[in-house]
file upload.cif (mmCIF, C-alpha atoms and all ligand atoms)
data_structure
#
loop_
_atom_site.label_atom_id
_atom_site.label_comp_id
_atom_site.auth_asym_id
_atom_site.auth_seq_id
_atom_site.Cartn_x
_atom_site.Cartn_y
_atom_site.Cartn_z
CA MET U 7 9.26 -26.46 -18.83
CA SER U 8 7.22 -29.41 -20.17
CA ALA U 9 10.14 -31.61 -19.03
CA PHE U 10 9.23 -30.77 -15.42
CA PRO U 11 6.82 -32.80 -13.32
CA GLN U 12 3.35 -31.28 -13.21
CA GLY U 13 3.59 -30.21 -9.54
CA LEU U 14 6.76 -28.28 -10.23
CA ARG U 15 5.23 -26.66 -13.32
CA ARG U 16 2.31 -25.52 -11.18
CA ALA U 17 4.67 -24.04 -8.57
CA ILE U 18 6.56 -22.18 -11.30
CA GLN U 19 3.34 -20.82 -12.81
CA LEU U 20 2.17 -19.54 -9.42
CA LEU U 21 5.51 -17.98 -8.49
CA ALA U 22 5.63 -16.22 -11.87
CA ARG U 23 2.38 -14.42 -11.00
CA LEU U 24 4.15 -12.43 -8.26
CA PRO U 25 5.20 -8.87 -9.17
CA GLY U 26 8.78 -8.66 -10.35
CA VAL U 27 9.16 -12.43 -10.70
CA GLY U 28 9.59 -13.52 -14.30
CA GLU U 29 9.55 -17.01 -15.71
CA LYS U 30 13.28 -17.51 -15.10
CA SER U 31 13.23 -16.40 -11.46
CA ALA U 32 10.11 -18.47 -10.83
CA GLN U 33 11.93 -21.51 -12.18
CA ARG U 34 14.99 -20.77 -10.04
CA TYR U 35 12.87 -20.42 -6.86
CA ALA U 36 10.86 -23.56 -7.59
CA LEU U 37 13.97 -25.63 -8.28
CA GLU U 38 15.58 -24.34 -5.09
CA LEU U 39 12.47 -25.34 -3.14
CA THR U 40 12.58 -28.88 -4.55
CA ARG U 41 16.13 -29.09 -3.18
CA ASN U 42 15.05 -27.73 0.20
CA LEU U 43 11.75 -29.43 0.94
CA ASP U 44 11.73 -28.31 4.58
CA LEU U 45 11.76 -24.70 3.43
CA ALA U 46 9.09 -25.54 0.86
CA SER U 47 6.77 -26.95 3.55
CA GLU U 48 7.41 -24.07 5.93
CA LEU U 49 6.82 -21.53 3.18
CA GLY U 50 3.66 -23.33 2.08
CA ALA U 51 2.32 -23.36 5.65
CA ALA U 52 3.16 -19.68 6.23
CA LEU U 53 1.47 -18.72 2.97
CA SER U 54 -1.68 -20.67 3.66
CA ASP U 55 -1.83 -19.19 7.18
CA LEU U 56 -1.95 -15.66 5.75
CA LYS U 57 -5.66 -16.01 5.17
CA LEU U 58 -6.16 -16.86 8.84
CA THR U 59 -3.68 -14.48 10.45
CA VAL U 60 -3.81 -11.31 8.36
CA THR U 61 -6.70 -8.97 7.69
CA THR U 62 -7.24 -5.41 6.54
CA CYS U 63 -7.44 -2.68 9.17
CA GLN U 64 -11.04 -1.56 9.15
CA SER U 65 -10.06 2.05 9.87
CA CYS U 66 -7.25 2.69 7.40
CA GLY U 67 -6.77 -0.25 5.05
CA ASN U 68 -3.31 -1.16 6.37
CA LEU U 69 -2.62 -4.78 7.22
CA ALA U 70 -3.68 -5.95 10.65
CA GLU U 71 -3.50 -9.06 12.81
CA ARG U 72 -6.63 -11.15 12.44
CA ARG U 73 -8.05 -12.20 15.80
CA SER U 74 -11.30 -14.10 16.04
CA GLY U 75 -14.25 -12.01 17.12
CA GLU U 76 -12.31 -8.75 16.95
CA PRO U 77 -12.35 -6.14 14.22
CA GLY U 78 -8.95 -5.82 12.60
CA ILE U 79 -7.13 -2.69 13.81
CA CYS U 80 -3.55 -2.05 12.72
CA PRO U 81 -0.79 -0.97 15.16
CA ILE U 82 -0.81 2.59 13.76
CA CYS U 83 -4.55 3.06 14.31
CA ALA U 84 -4.25 1.48 17.76
CA ASP U 85 -1.43 3.86 18.80
CA PRO U 86 -2.84 6.81 20.80
CA ARG U 87 0.37 8.79 20.29
CA ARG U 88 -0.26 9.23 16.58
CA ASP U 89 -1.24 12.77 15.58
CA PRO U 90 -4.97 12.84 14.72
CA LYS U 91 -4.60 16.24 13.05
CA ILE U 92 -2.98 14.80 9.91
CA LEU U 93 -4.44 12.13 7.67
CA CYS U 94 -2.06 10.84 5.01
CA ILE U 95 -3.64 9.21 1.95
CA VAL U 96 -1.56 6.60 0.14
CA ALA U 97 -2.21 4.29 -2.80
CA ARG U 98 -0.87 1.04 -1.35
CA VAL U 99 0.27 -0.56 1.89
CA GLN U 100 3.86 -0.58 0.50
CA ASP U 101 3.70 3.23 0.26
CA LEU U 102 2.51 3.48 3.86
CA LEU U 103 5.46 1.33 4.92
CA ALA U 104 7.90 3.46 2.89
CA ILE U 105 6.56 6.66 4.52
CA GLU U 106 6.76 5.06 7.96
CA ARG U 107 10.42 4.19 7.30
CA SER U 108 11.13 7.84 6.47
CA GLY U 109 9.96 8.79 9.98
CA ALA U 110 8.50 12.07 8.64
CA MET U 111 4.84 11.26 9.24
CA ARG U 112 3.41 11.00 12.74
CA GLY U 113 -0.20 11.25 11.64
CA ARG U 114 -2.67 8.62 10.57
CA TYR U 115 -3.30 6.96 7.22
CA PHE U 116 -5.86 5.90 4.69
CA VAL U 117 -4.91 3.33 2.05
CA LEU U 118 -6.85 3.72 -1.22
CA GLY U 119 -5.90 0.33 -2.61
CA ARG U 120 -5.97 1.66 -6.18
CA LEU U 121 -5.40 4.74 -8.31
CA LEU U 122 -7.50 6.30 -11.03
CA SER U 123 -6.36 4.71 -14.25
CA PRO U 124 -8.49 5.26 -17.35
CA LEU U 125 -6.23 2.93 -19.38
CA ASP U 126 -6.84 0.08 -16.92
CA GLY U 127 -10.53 0.91 -16.64
CA VAL U 128 -10.32 2.29 -13.08
CA SER U 129 -12.65 5.29 -12.83
CA ALA U 130 -13.61 7.62 -9.97
CA SER U 131 -16.50 5.37 -8.97
CA ASP U 132 -13.97 2.56 -8.29
CA LEU U 133 -12.13 4.61 -5.64
CA PRO U 134 -13.21 4.11 -2.00
CA LEU U 135 -14.42 7.72 -1.68
CA ALA U 136 -17.32 6.89 0.67
CA GLU U 137 -14.95 5.00 3.01
CA LEU U 138 -12.45 7.86 2.88
CA LEU U 139 -15.13 10.42 3.70
CA GLY U 140 -16.31 8.21 6.57
CA ARG U 141 -12.76 8.04 7.91
CA VAL U 142 -12.31 11.80 7.52
CA SER U 143 -15.53 12.66 9.31
CA ALA U 144 -14.78 10.21 12.15
CA MET U 145 -11.30 11.66 12.60
CA GLY U 146 -11.75 15.35 11.77
CA PRO U 147 -8.16 16.03 10.63
CA GLN U 148 -6.88 19.59 10.18
CA GLU U 149 -4.81 18.52 7.20
CA ILE U 150 -5.19 15.80 4.60
CA LEU U 151 -1.90 14.97 2.91
CA LEU U 152 -2.17 13.35 -0.52
CA ALA U 153 0.83 11.03 -0.82
CA THR U 154 -0.13 9.19 -3.98
CA PRO U 155 2.91 8.62 -6.22
CA PRO U 156 4.01 11.33 -8.68
CA SER U 157 2.94 9.25 -11.69
CA ILE U 158 0.17 10.13 -14.17
CA ASP U 159 -2.33 7.96 -12.29
CA GLY U 160 -1.10 9.19 -8.89
CA GLU U 161 -1.43 12.86 -9.91
CA ALA U 162 -4.89 12.31 -11.44
CA THR U 163 -6.04 10.61 -8.23
CA ALA U 164 -4.60 13.39 -6.06
CA LEU U 165 -6.36 16.03 -8.17
CA TYR U 166 -9.68 14.21 -8.01
CA LEU U 167 -9.50 13.66 -4.23
CA ALA U 168 -8.33 17.24 -3.59
CA ARG U 169 -11.43 18.56 -5.38
CA GLU U 170 -13.76 16.24 -3.48
CA LEU U 171 -12.16 17.03 -0.10
CA GLU U 172 -11.78 20.77 -0.63
CA ALA U 173 -15.43 20.97 -1.70
CA ARG U 174 -16.22 19.66 1.79
CA GLY U 175 -14.06 22.30 3.45
CA PHE U 176 -10.92 20.24 4.25
CA ALA U 177 -7.38 21.62 3.96
CA VAL U 178 -5.51 19.44 1.47
CA THR U 179 -1.76 19.25 0.90
CA ARG U 180 0.39 17.33 -1.60
CA ILE U 181 3.84 15.81 -1.08
CA ALA U 182 6.57 17.95 -2.64
CA SER U 183 8.29 16.88 -5.80
CA GLY U 184 11.66 15.28 -5.23
CA VAL U 185 10.42 11.75 -5.50
CA PRO U 186 11.29 11.03 -9.16
CA HIS U 187 8.34 11.53 -11.49
CA GLY U 188 6.66 8.26 -12.32
CA GLY U 189 8.62 6.70 -9.48
CA ASP U 190 7.25 4.44 -6.83
CA LEU U 191 7.30 5.79 -3.28
CA GLU U 192 8.33 2.30 -2.25
CA PHE U 193 11.67 2.71 -4.00
CA ALA U 194 12.40 6.31 -3.00
CA ASP U 195 15.11 6.54 -0.38
CA GLN U 196 14.08 7.54 3.14
CA ILE U 197 15.70 10.98 3.03
CA THR U 198 14.07 11.91 -0.30
CA LEU U 199 10.70 10.70 0.91
CA GLY U 200 11.13 12.47 4.26
CA ARG U 201 11.89 15.73 2.42
CA ALA U 202 8.92 15.27 0.10
CA ILE U 203 6.67 14.99 3.17
CA GLU U 204 8.27 17.86 5.09
CA GLY U 205 8.14 20.05 1.97
CA ARG U 206 4.47 19.35 1.29
CA ARG U 207 2.48 22.28 -0.05
CA LYS U 208 -1.10 23.38 -0.12
CA PHE U 209 -2.86 21.69 -2.98
ZN ZN G 301 -5.19 1.11 10.58
#
call {"tool": "encode", "arguments": {"input": "upload.cif", "output": "structure tokens", "more": "lines below"}}
Ligand SMILES: [Zn+2]
result
Amino acid sequence: MSAFPQGLRRAIQLLARLPGVGEKSAQRYALELTRNLDLASELGAALSDLKLTVTTCQSCGNLAERRSGEPGICPICADPRRDPKILCIVARVQDLLAIERSGAMRGRYFVLGRLLSPLDGVSASDLPLAELLGRVSAMGPQEILLATPPSIDGEATALYLARELEARGFAVTRIASGVPHGGDLEFADQITLGRAIEGRRKF
């Protein structure tokens, strides 16, 4: 890589920081972009606009359009047809999108942004419990569905949240197994994920 000009090396280093992009792919993308400089400029402009055009939904943590002077509200929170009786808790925006694709959830969401992970130093105090409780009390759902992934961290988070929510009198459910253990919801097919939601059980 030291044979490359410095600007190209920098592009490769940055690309390699993306999830799932290793050194080799990063190099392939960067070299392709040097051959297609129009694409490189367009991509660069789109990426630097993200900061100006995208924000986090202040109700649920999903992504939302950023408009000056307005609080960010995502299309799901803004949709009055969504069922306010169910609140679905997910780890990441990608999981919300995967569940939306399955079509099995017509309720509303809350995105945690992280999972309990003692090995990575993420403890209960790092979870947005106060925000979640604020969302729950504003919405008053009849059911809170824990749709964290069926991994060790996802199960630990679900267990912790179930205890906190049940202690406050809320009915908590968990997605059914069927999504492969340790698997990412993002990569589960729509039918499997739809079944896991339809087959949810009381925690
Ligand atoms: Zn939202």
call {"tool": "residues_near_ligand", "arguments": {"input": "upload.cif", "ligand": "ligand ZN 301 (chain G)", "cutoff": "8 Å", "atoms": "all atoms listed in the file", "output": "PDB file with C-alpha atoms, in the coordinates of the input"}}
result
ATOM      1  CA  THR U  62      -7.240  -5.410   6.540  1.00  0.00           C
ATOM      2  CA  CYS U  63      -7.440  -2.680   9.170  1.00  0.00           C
ATOM      3  CA  GLN U  64     -11.040  -1.560   9.150  1.00  0.00           C
ATOM      4  CA  SER U  65     -10.060   2.050   9.870  1.00  0.00           C
ATOM      5  CA  CYS U  66      -7.250   2.690   7.400  1.00  0.00           C
ATOM      6  CA  GLY U  67      -6.770  -0.250   5.050  1.00  0.00           C
ATOM      7  CA  ASN U  68      -3.310  -1.160   6.370  1.00  0.00           C
ATOM      8  CA  LEU U  69      -2.620  -4.780   7.220  1.00  0.00           C
ATOM      9  CA  ALA U  70      -3.680  -5.950  10.650  1.00  0.00           C
ATOM     10  CA  ILE U  79      -7.130  -2.690  13.810  1.00  0.00           C
ATOM     11  CA  CYS U  80      -3.550  -2.050  12.720  1.00  0.00           C
ATOM     12  CA  PRO U  81      -0.790  -0.970  15.160  1.00  0.00           C
ATOM     13  CA  ILE U  82      -0.810   2.590  13.760  1.00  0.00           C
ATOM     14  CA  CYS U  83      -4.550   3.060  14.310  1.00  0.00           C
ATOM     15  CA  ALA U  84      -4.250   1.480  17.760  1.00  0.00           C
ATOM     16  CA  ARG U 114      -2.670   8.620  10.570  1.00  0.00           C
ATOM     17  CA  TYR U 115      -3.300   6.960   7.220  1.00  0.00           C
ATOM     18  CA  PHE U 116      -5.860   5.900   4.690  1.00  0.00           C
TER      19      PHE U 116
END
call {"tool": "atom_distance", "arguments": {"input": "upload.cif", "atom1": "atom CA of U:Gly200", "atom2": "atom CA of U:Ile150"}}
result
16.7 Å
call {"tool": "residues_around", "arguments": {"input": "upload.cif", "residues": "U:Leu135", "least_positions_apart": "2", "cutoff": "12 Å", "atoms": "only C-alpha atoms", "output": "PyMOL selection string"}}
result
chain U and resi 95+116-122+129-133+137-142+163+166-171
call {"tool": "write_last_selection", "arguments": {"input": "upload.cif", "atoms": "C-alpha atoms", "output": "short mmCIF file (atom, residue, chain, number, x, y, z; two decimals), in the frame of the given file"}}
result
data_model
loop_
_atom_site.label_atom_id
_atom_site.label_comp_id
_atom_site.auth_asym_id
_atom_site.auth_seq_id
_atom_site.Cartn_x
_atom_site.Cartn_y
_atom_site.Cartn_z
CA ILE U 95 -3.64 9.21 1.95
CA PHE U 116 -5.86 5.90 4.69
CA VAL U 117 -4.91 3.33 2.05
CA LEU U 118 -6.85 3.72 -1.22
CA GLY U 119 -5.90 0.33 -2.61
CA ARG U 120 -5.97 1.66 -6.18
CA LEU U 121 -5.40 4.74 -8.31
CA LEU U 122 -7.50 6.30 -11.03
CA SER U 129 -12.65 5.29 -12.83
CA ALA U 130 -13.61 7.62 -9.97
CA SER U 131 -16.50 5.37 -8.97
CA ASP U 132 -13.97 2.56 -8.29
CA LEU U 133 -12.13 4.61 -5.64
CA GLU U 137 -14.95 5.00 3.01
CA LEU U 138 -12.45 7.86 2.88
CA LEU U 139 -15.13 10.42 3.70
CA GLY U 140 -16.31 8.21 6.57
CA ARG U 141 -12.76 8.04 7.91
CA VAL U 142 -12.31 11.80 7.52
CA THR U 163 -6.04 10.61 -8.23
CA TYR U 166 -9.68 14.21 -8.01
CA LEU U 167 -9.50 13.66 -4.23
CA ALA U 168 -8.33 17.24 -3.59
CA ARG U 169 -11.43 18.56 -5.38
CA GLU U 170 -13.76 16.24 -3.48
CA LEU U 171 -12.16 17.03 -0.10
#
call {"tool": "closest_residue", "arguments": {"input": "upload.cif", "among": "U:Ala104, U:Ala97, U:Ile158, U:Ile18", "to": "U:Ala32", "atoms": "only C-alpha atoms"}}
result
U:Ile18
call {"tool": "closest_residue", "arguments": {"input": "upload.cif", "among": "U:Pro134, U:Leu93, U:Glu204, U:Ile105", "to": "U:Leu152", "atoms": "all atoms listed in the file"}}
result
U:Leu93
call {"tool": "closest_residue", "arguments": {"input": "upload.cif", "among": "U:Gly109, U:Pro25, U:Pro124, U:Pro147", "to": "U:Arg201", "atoms": "all atoms listed in the file"}}
result
U:Gly109
call {"tool": "axis_aligned_box", "arguments": {"input": "upload.cif", "around": "stretch 151-168 of chain U", "padding_each_side": "5 Å", "output": "lines of an AutoDock Vina configuration file"}}
result
center_x = -2.8
center_y = 12.6
center_z = -5.6
size_x = 23.7
size_y = 19.3
size_z = 27.1
call {"tool": "residues_near_point", "arguments": {"input": "upload.cif", "point": "(-14.9, 19.3, 11.7)", "cutoff": "12 Å", "atoms": "all atoms listed in the file", "output": "list in words"}}
result
Lys91, Leu139, Val142, Ser143, Ala144, Met145, Gly146, Pro147, Gln148, Glu149, Arg174, Gly175, Phe176 and Ala177 of chain U
call {"tool": "closest_residue", "arguments": {"input": "upload.cif", "among": "U:Cys94, U:Val128, U:Ala110, U:Leu49", "to": "U:Ile197", "atoms": "all atoms listed in the file"}}
result
U:Ala110
call {"tool": "closest_residue", "arguments": {"input": "upload.cif", "among": "U:Ala17, U:Thr198, U:Thr61, U:Pro90", "to": "U:Glu76", "atoms": "only C-alpha atoms"}}
result
U:Thr61
call {"tool": "atom_distance", "arguments": {"input": "upload.cif", "atom1": "atom CA of U:Val27", "atom2": "atom CA of U:Asp101"}}
result
19.9 Å
call {"tool": "residues_around", "arguments": {"input": "upload.cif", "residues": "U:Gly205", "least_positions_apart": "5", "cutoff": "9 Å", "atoms": "only C-alpha atoms", "output": "VMD selection string"}}
result
chain U and resid 180 to 183 200
call {"tool": "atom_distance", "arguments": {"input": "upload.cif", "atom1": "atom CA of U:Gln19", "atom2": "atom CA of U:Asp55"}}
result
20.7 Å
call {"tool": "closest_residue", "arguments": {"input": "upload.cif", "among": "U:Ser108, U:Arg87, U:Glu71, U:Gly160", "to": "U:Ser123", "atoms": "only C-alpha atoms"}}
result
U:Gly160
call {"tool": "build_atoms", "arguments": {"input": "upload.cif", "residues": "stretch 122-133 of chain U", "atoms": "all heavy atoms", "output": "PDB file, keeping the file's coordinate frame"}}
result
ATOM      1  N   LEU U 122      -6.748   6.059  -9.794  1.00  0.00           N
ATOM      2  CA  LEU U 122      -7.500   6.300 -11.030  1.00  0.00           C
ATOM      3  C   LEU U 122      -6.614   5.889 -12.187  1.00  0.00           C
ATOM      4  O   LEU U 122      -5.439   6.251 -12.227  1.00  0.00           O
ATOM      5  CB  LEU U 122      -7.778   7.793 -11.187  1.00  0.00           C
ATOM      6  CG  LEU U 122      -8.944   8.403 -10.435  1.00  0.00           C
ATOM      7  CD1 LEU U 122      -9.036   9.883 -10.784  1.00  0.00           C
ATOM      8  CD2 LEU U 122     -10.231   7.687 -10.797  1.00  0.00           C
ATOM      9  N   SER U 123      -7.157   5.144 -13.122  1.00  0.00           N
ATOM     10  CA  SER U 123      -6.360   4.710 -14.250  1.00  0.00           C
ATOM     11  C   SER U 123      -7.270   4.415 -15.435  1.00  0.00           C
ATOM     12  O   SER U 123      -7.721   3.278 -15.616  1.00  0.00           O
ATOM     13  CB  SER U 123      -5.548   3.471 -13.863  1.00  0.00           C
ATOM     14  OG  SER U 123      -4.761   3.051 -14.948  1.00  0.00           O
ATOM     15  N   PRO U 124      -7.562   5.449 -16.230  1.00  0.00           N
ATOM     16  CA  PRO U 124      -8.490   5.260 -17.350  1.00  0.00           C
ATOM     17  C   PRO U 124      -8.045   4.126 -18.274  1.00  0.00           C
ATOM     18  O   PRO U 124      -8.874   3.357 -18.766  1.00  0.00           O
ATOM     19  CB  PRO U 124      -8.448   6.597 -18.089  1.00  0.00           C
ATOM     20  CG  PRO U 124      -7.911   7.582 -17.094  1.00  0.00           C
ATOM     21  CD  PRO U 124      -7.056   6.825 -16.142  1.00  0.00           C
ATOM     22  N   LEU U 125      -6.723   3.986 -18.471  1.00  0.00           N
ATOM     23  CA  LEU U 125      -6.230   2.930 -19.380  1.00  0.00           C
ATOM     24  C   LEU U 125      -6.539   1.541 -18.857  1.00  0.00           C
ATOM     25  O   LEU U 125      -6.751   0.603 -19.619  1.00  0.00           O
ATOM     26  CB  LEU U 125      -4.722   3.077 -19.592  1.00  0.00           C
ATOM     27  CG  LEU U 125      -4.279   4.282 -20.415  1.00  0.00           C
ATOM     28  CD1 LEU U 125      -2.760   4.326 -20.516  1.00  0.00           C
ATOM     29  CD2 LEU U 125      -4.902   4.236 -21.816  1.00  0.00           C
ATOM     30  N   ASP U 126      -6.528   1.388 -17.505  1.00  0.00           N
ATOM     31  CA  ASP U 126      -6.840   0.080 -16.920  1.00  0.00           C
ATOM     32  C   ASP U 126      -8.311  -0.026 -16.527  1.00  0.00           C
ATOM     33  O   ASP U 126      -8.700  -0.959 -15.828  1.00  0.00           O
ATOM     34  CB  ASP U 126      -5.962  -0.167 -15.685  1.00  0.00           C
ATOM     35  CG  ASP U 126      -4.482  -0.218 -16.051  1.00  0.00           C
ATOM     36  OD1 ASP U 126      -4.166  -0.728 -17.139  1.00  0.00           O
ATOM     37  OD2 ASP U 126      -3.652   0.273 -15.263  1.00  0.00           O
ATOM     38  N   GLY U 127      -9.095   0.956 -16.929  1.00  0.00           N
ATOM     39  CA  GLY U 127     -10.530   0.910 -16.640  1.00  0.00           C
ATOM     40  C   GLY U 127     -10.888   1.215 -15.196  1.00  0.00           C
ATOM     41  O   GLY U 127     -11.955   0.814 -14.733  1.00  0.00           O
ATOM     42  N   VAL U 128      -9.994   1.906 -14.461  1.00  0.00           N
ATOM     43  CA  VAL U 128     -10.320   2.290 -13.080  1.00  0.00           C
ATOM     44  C   VAL U 128     -10.812   3.737 -13.093  1.00  0.00           C
ATOM     45  O   VAL U 128     -10.042   4.654 -13.392  1.00  0.00           O
ATOM     46  CB  VAL U 128      -9.104   2.158 -12.134  1.00  0.00           C
ATOM     47  CG1 VAL U 128      -9.506   2.501 -10.704  1.00  0.00           C
ATOM     48  CG2 VAL U 128      -8.508   0.758 -12.206  1.00  0.00           C
ATOM     49  N   SER U 129     -12.092   3.937 -12.795  1.00  0.00           N
ATOM     50  CA  SER U 129     -12.650   5.290 -12.830  1.00  0.00           C
ATOM     51  C   SER U 129     -12.928   5.763 -11.407  1.00  0.00           C
ATOM     52  O   SER U 129     -12.758   5.012 -10.443  1.00  0.00           O
ATOM     53  CB  SER U 129     -13.918   5.313 -13.666  1.00  0.00           C
ATOM     54  OG  SER U 129     -14.887   4.505 -13.042  1.00  0.00           O
ATOM     55  N   ALA U 130     -13.387   7.021 -11.295  1.00  0.00           N
ATOM     56  CA  ALA U 130     -13.610   7.620  -9.970  1.00  0.00           C
ATOM     57  C   ALA U 130     -14.547   6.768  -9.115  1.00  0.00           C
ATOM     58  O   ALA U 130     -14.363   6.662  -7.904  1.00  0.00           O
ATOM     59  CB  ALA U 130     -14.148   9.023 -10.137  1.00  0.00           C
ATOM     60  N   SER U 131     -15.519   6.137  -9.755  1.00  0.00           N
ATOM     61  CA  SER U 131     -16.500   5.370  -8.970  1.00  0.00           C
ATOM     62  C   SER U 131     -15.861   4.099  -8.367  1.00  0.00           C
ATOM     63  O   SER U 131     -16.449   3.464  -7.493  1.00  0.00           O
ATOM     64  CB  SER U 131     -17.696   4.989  -9.832  1.00  0.00           C
ATOM     65  OG  SER U 131     -17.254   4.197 -10.918  1.00  0.00           O
ATOM     66  N   ASP U 132     -14.660   3.742  -8.846  1.00  0.00           N
ATOM     67  CA  ASP U 132     -13.970   2.560  -8.290  1.00  0.00           C
ATOM     68  C   ASP U 132     -13.128   2.918  -7.062  1.00  0.00           C
ATOM     69  O   ASP U 132     -12.613   2.020  -6.391  1.00  0.00           O
ATOM     70  CB  ASP U 132     -13.055   1.927  -9.343  1.00  0.00           C
ATOM     71  CG  ASP U 132     -13.852   1.421 -10.542  1.00  0.00           C
ATOM     72  OD1 ASP U 132     -14.870   0.753 -10.312  1.00  0.00           O
ATOM     73  OD2 ASP U 132     -13.457   1.710 -11.680  1.00  0.00           O
ATOM     74  N   LEU U 133     -12.938   4.211  -6.817  1.00  0.00           N
ATOM     75  CA  LEU U 133     -12.130   4.610  -5.640  1.00  0.00           C
ATOM     76  C   LEU U 133     -13.015   4.551  -4.391  1.00  0.00           C
ATOM     77  O   LEU U 133     -14.211   4.813  -4.463  1.00  0.00           O
ATOM     78  CB  LEU U 133     -11.598   6.038  -5.822  1.00  0.00           C
ATOM     79  CG  LEU U 133     -10.553   6.245  -6.913  1.00  0.00           C
ATOM     80  CD1 LEU U 133     -10.148   7.713  -6.968  1.00  0.00           C
ATOM     81  CD2 LEU U 133      -9.323   5.385  -6.663  1.00  0.00           C
TER      82      LEU U 133
END
